[in-house]
Amino acid sequence: MCLAIPARVIELLPDEMARVSLDGVVVNASVALLEDVATGDYVVLHVGYALAKIDEDEALRTLSLLREAALLGADA
């Protein structure tokens with residue numbers, strides 16, 4: 001099973017790279033698979049590659065569900 005997580009682009013870098021925020025954790029990721037990526041966009045990130053752009057509302061809903069799942073998993 002694979003997991004892709006919404007991330008917000010906070011800075012575009014050379015060589016089709018970007019600095020992205022994964023719910024506050026900042027990492028560098030490749031945006032080579034996407035066109036027209038801009039600062040502020042949300043992307044779906046998997047193993048360091050942005051696979052698709054995603055609507056901000058959907059990204060925030062997904063992050064909220066992931067936080068909720070993490071909390072539920074802590075009690076198991």
# chains A, B, ... in the order shown; residues from 1 in each chain; ligands from 1

call {"tool": "closest_atom_pairs", "arguments": {"of": "range 46-66 of chain A", "to": "range 24-41 of chain A", "cutoff": "9 Å", "atoms": "only C-alpha atoms", "output": "CSV"}}
result
residue,atom,partner,partner_atom,distance
A:Val47,CA,A:Ala29,CA,8.5
A:Gly48,CA,A:Ala29,CA,4.7
A:Tyr49,CA,A:Ser30,CA,4.8
A:Ala50,CA,A:Val31,CA,5.2
A:Leu51,CA,A:Leu33,CA,6.4
A:Ala52,CA,A:Leu34,CA,6.6
A:Lys53,CA,A:Asp41,CA,7.1
A:Ile54,CA,A:Asp41,CA,7.7
A:Asp55,CA,A:Asp41,CA,8.1
A:Glu56,CA,A:Asp41,CA,7.5

call {"tool": "select_by_dssp", "arguments": {"residues": "chain A", "states": "strand (DSSP E)", "output": "mmCIF file with N, CA and C atoms, in the first residue's frame"}}
result
data_model
loop_
_atom_site.group_PDB
_atom_site.id
_atom_site.type_symbol
_atom_site.label_atom_id
_atom_site.label_comp_id
_atom_site.auth_asym_id
_atom_site.auth_seq_id
_atom_site.Cartn_x
_atom_site.Cartn_y
_atom_site.Cartn_z
ATOM 1 N N ILE A 5 0.608 12.206 0.598
ATOM 2 C CA ILE A 5 0.173 13.186 1.585
ATOM 3 C C ILE A 5 0.123 14.577 0.958
ATOM 4 N N PRO A 6 -0.925 15.351 1.251
ATOM 5 C CA PRO A 6 -0.967 16.728 0.746
ATOM 6 C C PRO A 6 0.139 17.575 1.372
ATOM 7 N N ALA A 7 0.756 18.399 0.548
ATOM 8 C CA ALA A 7 1.814 19.308 0.995
ATOM 9 C C ALA A 7 1.636 20.637 0.280
ATOM 10 N N ARG A 8 1.969 21.735 0.980
ATOM 11 C CA ARG A 8 1.843 23.076 0.383
ATOM 12 C C ARG A 8 3.207 23.524 -0.117
ATOM 13 N N VAL A 9 3.256 23.990 -1.345
ATOM 14 C CA VAL A 9 4.498 24.501 -1.931
ATOM 15 C C VAL A 9 4.805 25.853 -1.290
ATOM 16 N N ILE A 10 5.980 25.962 -0.664
ATOM 17 C CA ILE A 10 6.333 27.229 -0.023
ATOM 18 C C ILE A 10 7.439 27.965 -0.763
ATOM 19 N N GLU A 11 8.153 27.244 -1.651
ATOM 20 C CA GLU A 11 9.204 27.898 -2.428
ATOM 21 C C GLU A 11 9.551 27.028 -3.626
ATOM 22 N N LEU A 12 9.664 27.649 -4.796
ATOM 23 C CA LEU A 12 10.140 26.937 -5.971
ATOM 24 C C LEU A 12 11.654 27.045 -6.025
ATOM 25 N N LEU A 13 12.308 25.938 -6.334
ATOM 26 C CA LEU A 13 13.765 25.855 -6.376
ATOM 27 C C LEU A 13 14.215 25.511 -7.788
ATOM 28 N N MET A 17 12.559 21.454 -8.598
ATOM 29 C CA MET A 17 12.405 21.096 -7.192
ATOM 30 C C MET A 17 11.610 22.190 -6.491
ATOM 31 N N ALA A 18 11.076 21.846 -5.336
ATOM 32 C CA ALA A 18 10.333 22.815 -4.530
ATOM 33 C C ALA A 18 10.521 22.485 -3.063
ATOM 34 N N ARG A 19 10.415 23.499 -2.240
ATOM 35 C CA ARG A 19 10.366 23.297 -0.793
ATOM 36 C C ARG A 19 8.882 23.249 -0.452
ATOM 37 N N VAL A 20 8.482 22.175 0.243
ATOM 38 C CA VAL A 20 7.071 21.992 0.577
ATOM 39 C C VAL A 20 6.914 21.791 2.076
ATOM 40 N N SER A 21 5.744 22.148 2.554
ATOM 41 C CA SER A 21 5.416 21.969 3.970
ATOM 42 C C SER A 21 4.415 20.836 4.094
ATOM 43 N N LEU A 22 4.813 19.807 4.822
ATOM 44 C CA LEU A 22 3.947 18.667 5.116
ATOM 45 C C LEU A 22 3.368 18.888 6.502
ATOM 46 N N VAL A 25 6.120 20.368 8.558
ATOM 47 C CA VAL A 25 7.456 19.787 8.355
ATOM 48 C C VAL A 25 7.901 20.159 6.940
ATOM 49 N N VAL A 26 9.040 20.826 6.822
ATOM 50 C CA VAL A 26 9.500 21.325 5.529
ATOM 51 C C VAL A 26 10.515 20.356 4.922
ATOM 52 N N VAL A 27 10.259 19.964 3.665
ATOM 53 C CA VAL A 27 11.155 19.074 2.927
ATOM 54 C C VAL A 27 11.271 19.567 1.488
ATOM 55 N N ASN A 28 12.297 19.096 0.791
ATOM 56 C CA ASN A 28 12.430 19.366 -0.634
ATOM 57 C C ASN A 28 11.798 18.218 -1.408
ATOM 58 N N ALA A 29 11.133 18.550 -2.519
ATOM 59 C CA ALA A 29 10.461 17.540 -3.326
ATOM 60 C C ALA A 29 10.577 17.898 -4.795
ATOM 61 N N SER A 30 10.529 16.888 -5.632
ATOM 62 C CA SER A 30 10.532 17.103 -7.074
ATOM 63 C C SER A 30 9.137 17.479 -7.550
ATOM 64 N N TYR A 42 -1.188 23.355 -3.380
ATOM 65 C CA TYR A 42 -1.094 22.088 -2.655
ATOM 66 C C TYR A 42 -0.862 20.989 -3.669
ATOM 67 N N VAL A 43 0.026 20.073 -3.320
ATOM 68 C CA VAL A 43 0.327 18.931 -4.180
ATOM 69 C C VAL A 43 0.190 17.661 -3.352
ATOM 70 N N VAL A 44 -0.026 16.561 -4.031
ATOM 71 C CA VAL A 44 -0.031 15.252 -3.383
ATOM 72 C C VAL A 44 1.380 14.707 -3.515
ATOM 73 N N LEU A 45 2.012 14.424 -2.388
ATOM 74 C CA LEU A 45 3.426 14.052 -2.344
ATOM 75 C C LEU A 45 3.581 12.579 -1.974
ATOM 76 N N HIS A 46 4.394 11.870 -2.765
ATOM 77 C CA HIS A 46 4.704 10.466 -2.495
ATOM 78 C C HIS A 46 6.191 10.244 -2.727
ATOM 79 N N TYR A 49 8.140 12.973 -4.508
ATOM 80 C CA TYR A 49 7.664 13.446 -5.802
ATOM 81 C C TYR A 49 6.239 13.973 -5.682
ATOM 82 N N ALA A 50 6.016 15.162 -6.199
ATOM 83 C CA ALA A 50 4.662 15.708 -6.284
ATOM 84 C C ALA A 50 3.992 15.035 -7.479
ATOM 85 N N LEU A 51 2.884 14.339 -7.217
ATOM 86 C CA LEU A 51 2.208 13.571 -8.266
ATOM 87 C C LEU A 51 1.062 14.321 -8.922
ATOM 88 N N ALA A 52 0.427 15.222 -8.174
ATOM 89 C CA ALA A 52 -0.723 15.961 -8.699
ATOM 90 C C ALA A 52 -0.955 17.198 -7.851
ATOM 91 N N LYS A 53 -1.560 18.197 -8.475
ATOM 92 C CA LYS A 53 -2.015 19.356 -7.702
ATOM 93 C C LYS A 53 -3.366 19.002 -7.108
ATOM 94 N N ILE A 54 -3.656 19.578 -5.940
ATOM 95 C CA ILE A 54 -4.901 19.272 -5.247
ATOM 96 C C ILE A 54 -5.503 20.577 -4.719
#

call {"tool": "select_by_dssp", "arguments": {"residues": "chain A", "states": "alpha helix (DSSP H)", "output": "PyMOL selection string"}}
result
chain A and resi 56-74

call {"tool": "write_last_selection", "arguments": {"atoms": "N, CA and C atoms", "output": "CSV table (one decimal), in the first residue's frame"}}
result
chain,number,residue,atom,x,y,z
A,56,GLU,N,-7.1,23.2,-2.3
A,56,GLU,CA,-6.7,23.5,-0.9
A,56,GLU,C,-7.7,22.9,0.1
A,57,ASP,N,-9.0,23.0,-0.2
A,57,ASP,CA,-10.0,22.5,0.8
A,57,ASP,C,-9.9,21.0,0.9
A,58,GLU,N,-9.6,20.3,-0.2
A,58,GLU,CA,-9.5,18.8,-0.2
A,58,GLU,C,-8.2,18.5,0.6
A,59,ALA,N,-7.1,19.3,0.4
A,59,ALA,CA,-5.9,19.0,1.1
A,59,ALA,C,-6.0,19.2,2.6
A,60,LEU,N,-6.7,20.2,3.0
A,60,LEU,CA,-6.9,20.4,4.5
A,60,LEU,C,-7.8,19.4,5.1
A,61,ARG,N,-8.9,18.9,4.3
A,61,ARG,CA,-9.7,17.8,4.8
A,61,ARG,C,-8.9,16.6,5.0
A,62,THR,N,-8.1,16.3,4.0
A,62,THR,CA,-7.2,15.1,4.1
A,62,THR,C,-6.3,15.1,5.3
A,63,LEU,N,-5.6,16.2,5.5
A,63,LEU,CA,-4.7,16.4,6.6
A,63,LEU,C,-5.4,16.2,7.9
A,64,SER,N,-6.6,16.8,8.0
A,64,SER,CA,-7.4,16.6,9.2
A,64,SER,C,-7.8,15.2,9.5
A,65,LEU,N,-8.1,14.4,8.4
A,65,LEU,CA,-8.4,13.0,8.6
A,65,LEU,C,-7.2,12.2,9.0
A,66,LEU,N,-6.0,12.6,8.5
A,66,LEU,CA,-4.8,11.9,8.8
A,66,LEU,C,-4.5,12.1,10.3
A,67,ARG,N,-4.7,13.4,10.8
A,67,ARG,CA,-4.5,13.7,12.2
A,67,ARG,C,-5.4,12.9,13.1
A,68,GLU,N,-6.7,12.8,12.7
A,68,GLU,CA,-7.7,12.0,13.4
A,68,GLU,C,-7.3,10.6,13.5
A,69,ALA,N,-6.9,10.0,12.3
A,69,ALA,CA,-6.5,8.6,12.3
A,69,ALA,C,-5.3,8.3,13.2
A,70,ALA,N,-4.3,9.3,13.2
A,70,ALA,CA,-3.2,9.1,14.1
A,70,ALA,C,-3.6,9.1,15.6
A,71,LEU,N,-4.5,10.0,15.9
A,71,LEU,CA,-5.0,10.0,17.3
A,71,LEU,C,-5.7,8.7,17.7
A,72,LEU,N,-6.5,8.2,16.8
A,72,LEU,CA,-7.3,6.9,17.0
A,72,LEU,C,-6.3,5.8,17.1
A,73,GLY,N,-5.2,5.8,16.3
A,73,GLY,CA,-4.2,4.7,16.3
A,73,GLY,C,-3.4,4.7,17.6
A,74,ALA,N,-3.3,5.8,18.3
A,74,ALA,CA,-2.5,5.9,19.5
A,74,ALA,C,-3.2,5.2,20.6
